[in-house]
Amino acid sequence: DGGITQSPKYLFRKEGQNVTLSCEQNLNHDAMYWYRQDPGQGLRLIYYSQIVNDFQKGDIAEGYSVSREKKESFPLTVTSAQKNPTAFYLCASSIGGMDYNEQFFGPGTRLTVL
Amino acid sequence: SQQGEEDPQALSIQEGENATMNCSYKTSINNLQWYRQNSGRGLVHLILIRSNEREKHSGRLRVTLDTSKKSSSLLITASRAADTASYFCASPISGSARQLTFGSGTQLTVLP
């Protein structure tokens with residue numbers, strides 16, 4: 001099965017802790033993305049990566065960090081500097097090198113700060 | 001910053017009726033995409049329409065694009081209870097073919 005997976009599905013964090021959300025894809029896609037979604041809202045871009053070992057900040061990168069050491073993996077770390085991290089986090093990927101790129105999404109991770 | 005905005009924010013219809021959702025955007029685009037999200041799940045791509053297309057069909061879906069008005073519409077015909085979901089339009093950020101900006105979505109409820 002080709003697809004994009006995220007783990008865990010639910011994550012609870014105490015204030016002051018860093019947590020890492022996993023995102024893996026076996027679609028051989030070059031580009032990967034992290035979005036944040038708050039209740040009743042659209043998606044806001046946190047970080048994106050066009051190729052391995054390269055990533056760019058999105059609209060709301062503060063308090064988050066990423067790495068792209070492998071093509072298939074794009075983990076997101078929510079640091080203690082993120083003041084309001086409770087949200088639904090979505091990872092996506094798309095084929096690189098084309099003008100029109102649909103994005104394929106994972107099932108999401110719901111993060112709750114206790 | 002969000003480029004696309006959907007209208008209405010929420011829509012409730014009876015099974016068998018048609019559902020129409022609208023999207024407006026601000027800058028010039030080369031394509032516009034529509035996605036669906038079931039509650040608590042990831043988004044699923046529905047359809048992409050290029051800037052040189054005015055209308056596109058996929059099954060019960062019909063999408064139109066009016067670049068002069070910077071607007072698009074998604075029509076779902078003969079709706080079913082399983083169509084209940086949030087629907088988002090997405091368009092490329094100026095200068096980037098791969099980055100998309102998403103609207104705030106239309107929550108569609110289809111009553112059996």
# chains A, B, ... in the order shown; residues from 1 in each chain; ligands from 1

$ interface_residues --of "chain A" --to "chain B" --cutoff "7 Å" --atoms "only C-alpha atoms" --output "PyMOL selection string"
chain A and resi 41-43+59+90+99-108

$ residues_around --residues "region 87-89 of chain A" --least-positions-apart "3" --cutoff "12 Å" --atoms "only C-alpha atoms" --output "PyMOL selection string"
(chain A and resi 6-13+20-23+33-47+64+75-78+82-84+92+105-113) or (chain B and resi 39-43)

$ write_last_selection --atoms "N, CA and C atoms" --output "compact mmCIF listing (two decimals), in the first residue's frame"
# COMPACT_ATOMS: atom_id res chain seq x y z
N GLN A 6 1.13 8.96 9.71
CA GLN A 6 1.51 9.85 10.80
C GLN A 6 1.33 9.09 12.11
N SER A 7 2.23 9.34 13.03
CA SER A 7 2.07 8.74 14.36
C SER A 7 2.63 9.69 15.40
N PRO A 8 2.08 9.63 16.64
CA PRO A 8 0.88 8.86 16.98
C PRO A 8 -0.39 9.56 16.50
N LYS A 9 -1.52 8.93 16.68
CA LYS A 9 -2.79 9.55 16.30
C LYS A 9 -3.18 10.60 17.32
N TYR A 10 -2.94 10.30 18.60
CA TYR A 10 -3.20 11.23 19.69
C TYR A 10 -1.93 11.38 20.51
N LEU A 11 -1.66 12.60 20.95
CA LEU A 11 -0.45 12.88 21.71
C LEU A 11 -0.78 13.90 22.78
N PHE A 12 -0.34 13.59 23.99
CA PHE A 12 -0.56 14.50 25.10
C PHE A 12 0.79 14.98 25.60
N ARG A 13 0.86 16.25 25.87
CA ARG A 13 2.13 16.85 26.28
C ARG A 13 1.92 17.73 27.50
N THR A 20 7.81 15.17 19.39
CA THR A 20 8.07 14.99 17.96
C THR A 20 6.97 14.17 17.33
N LEU A 21 6.43 14.71 16.23
CA LEU A 21 5.39 14.03 15.47
C LEU A 21 6.05 13.40 14.24
N SER A 22 5.67 12.16 14.00
CA SER A 22 6.28 11.42 12.89
C SER A 22 5.45 11.53 11.63
N CYS A 23 6.11 11.62 10.48
CA CYS A 23 5.46 11.58 9.18
C CYS A 23 6.34 10.79 8.21
N TYR A 33 5.15 18.49 3.59
CA TYR A 33 4.60 19.69 4.23
C TYR A 33 4.05 19.34 5.61
N TRP A 34 4.09 20.33 6.50
CA TRP A 34 3.39 20.22 7.78
C TRP A 34 2.43 21.39 7.90
N TYR A 35 1.18 21.05 8.29
CA TYR A 35 0.14 22.04 8.51
C TYR A 35 -0.40 21.92 9.92
N ARG A 36 -0.91 23.02 10.40
CA ARG A 36 -1.65 23.04 11.66
C ARG A 36 -3.09 23.42 11.35
N GLN A 37 -4.03 22.73 12.02
CA GLN A 37 -5.45 23.04 11.84
C GLN A 37 -6.08 23.22 13.21
N ASP A 38 -6.68 24.37 13.43
CA ASP A 38 -7.42 24.64 14.66
C ASP A 38 -8.90 24.43 14.39
N PRO A 39 -9.69 24.18 15.44
CA PRO A 39 -11.11 23.84 15.26
C PRO A 39 -11.85 24.82 14.37
N GLY A 40 -12.54 24.28 13.36
CA GLY A 40 -13.34 25.10 12.46
C GLY A 40 -12.53 25.99 11.53
N GLN A 41 -11.25 25.74 11.45
CA GLN A 41 -10.39 26.59 10.63
C GLN A 41 -9.79 25.82 9.47
N GLY A 42 -9.18 26.57 8.57
CA GLY A 42 -8.44 25.95 7.48
C GLY A 42 -7.06 25.53 7.93
N LEU A 43 -6.21 25.20 6.97
CA LEU A 43 -4.86 24.74 7.26
C LEU A 43 -3.88 25.90 7.18
N ARG A 44 -2.95 25.91 8.11
CA ARG A 44 -1.87 26.90 8.06
C ARG A 44 -0.55 26.17 7.95
N LEU A 45 0.31 26.63 7.05
CA LEU A 45 1.56 25.96 6.75
C LEU A 45 2.61 26.27 7.81
N ILE A 46 3.21 25.22 8.36
CA ILE A 46 4.25 25.37 9.38
C ILE A 46 5.63 25.35 8.72
N TYR A 47 5.94 24.27 8.05
CA TYR A 47 7.20 24.09 7.33
C TYR A 47 6.94 23.27 6.08
N TYR A 64 8.35 25.70 16.26
CA TYR A 64 8.42 24.39 15.62
C TYR A 64 9.79 24.19 14.97
N PRO A 75 9.91 14.55 10.13
CA PRO A 75 9.38 14.72 11.49
C PRO A 75 9.27 16.19 11.90
N LEU A 76 8.26 16.46 12.70
CA LEU A 76 8.00 17.81 13.22
C LEU A 76 8.16 17.80 14.74
N THR A 77 8.99 18.69 15.27
CA THR A 77 9.12 18.83 16.71
C THR A 77 8.40 20.09 17.16
N VAL A 78 7.52 19.91 18.11
CA VAL A 78 6.83 21.04 18.73
C VAL A 78 7.59 21.37 20.00
N GLN A 82 6.53 27.02 21.62
CA GLN A 82 5.22 27.17 20.99
C GLN A 82 4.20 27.35 22.09
N LYS A 83 3.62 28.52 22.17
CA LYS A 83 2.80 28.89 23.32
C LYS A 83 1.42 28.25 23.32
N ASN A 84 0.90 27.91 22.18
CA ASN A 84 -0.44 27.35 22.09
C ASN A 84 -0.43 26.16 21.14
N ALA A 92 1.66 16.29 4.70
CA ALA A 92 1.28 16.03 3.31
C ALA A 92 2.53 15.89 2.46
N PHE A 105 -2.44 13.65 1.87
CA PHE A 105 -2.39 13.91 3.30
C PHE A 105 -2.35 12.63 4.12
N GLY A 106 -1.67 12.72 5.27
CA GLY A 106 -1.75 11.68 6.27
C GLY A 106 -3.02 11.83 7.09
N PRO A 107 -3.25 10.90 8.03
CA PRO A 107 -4.47 10.93 8.83
C PRO A 107 -4.47 11.95 9.96
N GLY A 108 -3.31 12.54 10.24
CA GLY A 108 -3.25 13.59 11.26
C GLY A 108 -2.85 13.10 12.64
N THR A 109 -2.31 14.01 13.43
CA THR A 109 -2.00 13.78 14.85
C THR A 109 -2.67 14.89 15.65
N ARG A 110 -3.46 14.48 16.64
CA ARG A 110 -4.10 15.47 17.50
C ARG A 110 -3.25 15.64 18.75
N LEU A 111 -2.70 16.83 18.92
CA LEU A 111 -1.83 17.14 20.06
C LEU A 111 -2.62 17.94 21.08
N THR A 112 -2.55 17.50 22.33
CA THR A 112 -3.21 18.21 23.42
C THR A 112 -2.18 18.50 24.51
N VAL A 113 -2.13 19.75 24.92
CA VAL A 113 -1.25 20.15 26.02
C VAL A 113 -2.04 20.13 27.31
N SER B 39 -14.52 14.39 9.33
CA SER B 39 -14.22 14.86 10.68
C SER B 39 -13.07 14.09 11.30
N GLY B 40 -12.04 14.82 11.74
CA GLY B 40 -10.91 14.20 12.43
C GLY B 40 -9.96 13.42 11.54
N ARG B 41 -10.08 13.61 10.22
CA ARG B 41 -9.23 12.86 9.29
C ARG B 41 -8.38 13.81 8.45
N GLY B 42 -7.53 13.23 7.63
CA GLY B 42 -6.74 14.03 6.70
C GLY B 42 -7.57 14.48 5.51
N LEU B 43 -6.99 15.37 4.71
CA LEU B 43 -7.69 15.86 3.53
C LEU B 43 -7.50 14.90 2.37

$ residues_around --residues "Ala78 (chain B)" --least-positions-apart "5" --cutoff "7 Å" --atoms "only C-alpha atoms" --output "list in words"
Gly16, Glu17 and Asn18 of chain B

$ write_last_selection --atoms "C-alpha atoms" --output "tab-separated table (two decimals), in the first residue's frame"
chain	number	residue	atom	x	y	z
B	16	GLY	CA	-30.69	13.94	-3.07
B	17	GLU	CA	-30.38	17.73	-3.25
B	18	ASN	CA	-27.47	19.53	-4.87

$ residues_around --residues "Pro112 (chain B)" --least-positions-apart "5" --cutoff "9 Å" --atoms "only C-alpha atoms" --output "list of chain:residue names"
B:Gln14, B:Glu15, B:Gly16, B:Arg80, B:Ala81

$ residues_around --residues "Gly16 (chain A)" --least-positions-apart "6" --cutoff "9 Å" --atoms "only C-alpha atoms" --output "list in words"
Thr79, Ser80 and Ala81 of chain A

$ atom_distance --atom1 "CA of Glu15 (chain A)" --atom2 "CA of Leu114 (chain A)"
6.7 Å

$ residues_around --residues "Ser73 (chain A)" --least-positions-apart "6" --cutoff "12 Å" --atoms "only C-alpha atoms" --output "PyMOL selection string"
chain A and resi 4-7+21-34+49+51-53+66-67+91-93

$ write_last_selection --atoms "N, CA and C atoms" --output "CSV table (one decimal), in the first residue's frame"
chain,number,residue,atom,x,y,z
A,4,ILE,N,0.8,7.8,3.0
A,4,ILE,CA,1.5,8.7,4.0
A,4,ILE,C,1.0,8.4,5.4
A,5,THR,N,1.8,8.1,6.3
A,5,THR,CA,1.4,7.8,7.7
A,5,THR,C,1.9,8.8,8.7
A,6,GLN,N,1.1,9.0,9.7
A,6,GLN,CA,1.5,9.8,10.8
A,6,GLN,C,1.3,9.1,12.1
A,7,SER,N,2.2,9.3,13.0
A,7,SER,CA,2.1,8.7,14.4
A,7,SER,C,2.6,9.7,15.4
A,21,LEU,N,6.4,14.7,16.2
A,21,LEU,CA,5.4,14.0,15.5
A,21,LEU,C,6.0,13.4,14.2
A,22,SER,N,5.7,12.2,14.0
A,22,SER,CA,6.3,11.4,12.9
A,22,SER,C,5.4,11.5,11.6
A,23,CYS,N,6.1,11.6,10.5
A,23,CYS,CA,5.5,11.6,9.2
A,23,CYS,C,6.3,10.8,8.2
A,24,GLU,N,5.8,9.8,7.6
A,24,GLU,CA,6.5,8.9,6.7
A,24,GLU,C,5.7,8.7,5.4
A,25,GLN,N,6.3,8.7,4.3
A,25,GLN,CA,5.6,8.5,3.0
A,25,GLN,C,6.4,7.5,2.2
A,26,ASN,N,5.7,6.6,1.5
A,26,ASN,CA,6.4,5.7,0.5
A,26,ASN,C,5.9,5.9,-0.9
A,27,LEU,N,5.5,7.2,-1.2
A,27,LEU,CA,5.0,7.5,-2.5
A,27,LEU,C,6.2,8.0,-3.4
A,28,ASN,N,7.4,8.1,-2.9
A,28,ASN,CA,8.5,8.6,-3.6
A,28,ASN,C,8.4,10.1,-4.0
A,29,HIS,N,7.7,10.8,-3.1
A,29,HIS,CA,7.4,12.2,-3.4
A,29,HIS,C,8.6,13.0,-2.9
A,30,ASP,N,9.0,14.0,-3.6
A,30,ASP,CA,10.1,14.9,-3.2
A,30,ASP,C,9.7,15.9,-2.2
A,31,ALA,N,8.5,16.5,-2.3
A,31,ALA,CA,8.0,17.6,-1.4
A,31,ALA,C,7.2,17.1,-0.3
A,32,MET,N,7.4,17.6,0.9
A,32,MET,CA,6.6,17.3,2.1
A,32,MET,C,6.3,18.5,2.9
A,33,TYR,N,5.1,18.5,3.6
A,33,TYR,CA,4.6,19.7,4.2
A,33,TYR,C,4.0,19.3,5.6
A,34,TRP,N,4.1,20.3,6.5
A,34,TRP,CA,3.4,20.2,7.8
A,34,TRP,C,2.4,21.4,7.9
A,49,SER,N,9.3,21.1,2.7
A,49,SER,CA,10.6,20.7,2.3
A,49,SER,C,10.4,20.3,0.8
A,51,ILE,N,13.2,19.1,-1.1
A,51,ILE,CA,14.0,18.0,-1.3
A,51,ILE,C,14.7,17.6,0.0
A,52,VAL,N,15.4,16.5,0.0
A,52,VAL,CA,16.1,16.0,1.2
A,52,VAL,C,17.2,17.1,1.6
A,53,ASN,N,17.3,17.3,2.9
A,53,ASN,CA,18.3,18.2,3.5
A,53,ASN,C,17.9,19.6,3.2
A,66,VAL,N,11.9,21.2,12.2
A,66,VAL,CA,11.8,20.0,11.3
A,66,VAL,C,13.2,19.5,10.9
A,67,SER,N,13.2,18.3,10.3
A,67,SER,CA,14.4,17.8,9.7
A,67,SER,C,14.0,17.0,8.5
A,91,CYS,N,0.3,16.2,8.0
A,91,CYS,CA,1.5,16.1,7.1
A,91,CYS,C,1.0,15.8,5.7
A,92,ALA,N,1.7,16.3,4.7
A,92,ALA,CA,1.3,16.0,3.3
A,92,ALA,C,2.5,15.9,2.5
A,93,SER,N,2.4,15.3,1.3
A,93,SER,CA,3.5,15.2,0.3
A,93,SER,C,3.0,15.4,-1.1

$ select_by_dssp --residues "region 12-94 of chain B" --states "strand (DSSP E)" --output "PyMOL selection string"
chain B and resi 12-14+19-24+31-37+43-50+55-58+61-66+71-76+85-92

$ residues_around --residues "Thr27 (chain B)" --least-positions-apart "2" --cutoff "9 Å" --atoms "only C-alpha atoms" --output "ChimeraX atom specification"
/B:3,25,29,70,93-94

$ write_last_selection --atoms "N, CA, C and O atoms" --output "PDB file, in the first residue's frame"
ATOM      1  N   GLN B   3      -5.432  32.711   1.165  1.00  0.00           N
ATOM      2  CA  GLN B   3      -5.784  33.290  -0.127  1.00  0.00           C
ATOM      3  C   GLN B   3      -7.242  33.025  -0.436  1.00  0.00           C
ATOM      4  O   GLN B   3      -7.944  33.899  -0.915  1.00  0.00           O
ATOM      5  N   TYR B  25     -10.603  33.973  -4.252  1.00  0.00           N
ATOM      6  CA  TYR B  25      -9.178  34.081  -3.998  1.00  0.00           C
ATOM      7  C   TYR B  25      -8.701  35.462  -4.416  1.00  0.00           C
ATOM      8  O   TYR B  25      -9.429  36.213  -5.057  1.00  0.00           O
ATOM      9  N   ILE B  29      -3.725  32.939 -10.251  1.00  0.00           N
ATOM     10  CA  ILE B  29      -3.348  31.560  -9.985  1.00  0.00           C
ATOM     11  C   ILE B  29      -3.237  30.803 -11.299  1.00  0.00           C
ATOM     12  O   ILE B  29      -3.814  31.207 -12.311  1.00  0.00           O
ATOM     13  N   LYS B  70     -12.065  35.959  -9.960  1.00  0.00           N
ATOM     14  CA  LYS B  70     -11.244  35.285  -8.948  1.00  0.00           C
ATOM     15  C   LYS B  70     -12.141  34.433  -8.037  1.00  0.00           C
ATOM     16  O   LYS B  70     -12.134  34.566  -6.802  1.00  0.00           O
ATOM     17  N   ILE B  93       0.458  29.487  -3.804  1.00  0.00           N
ATOM     18  CA  ILE B  93       0.979  30.776  -3.360  1.00  0.00           C
ATOM     19  C   ILE B  93       1.769  31.380  -4.517  1.00  0.00           C
ATOM     20  O   ILE B  93       2.489  30.673  -5.214  1.00  0.00           O
ATOM     21  N   SER B  94       1.619  32.668  -4.694  1.00  0.00           N
ATOM     22  CA  SER B  94       2.290  33.359  -5.781  1.00  0.00           C
ATOM     23  C   SER B  94       3.784  33.082  -5.749  1.00  0.00           C
ATOM     24  O   SER B  94       4.438  33.216  -4.719  1.00  0.00           O
TER      25      SER B  94
END

$ atom_distance --atom1 "CA of Gly96 (chain A)" --atom2 "CA of His57 (chain B)"
25.6 Å

$ atom_distance --atom1 "CA of Ala19 (chain B)" --atom2 "CA of Ile76 (chain B)"
5.1 Å
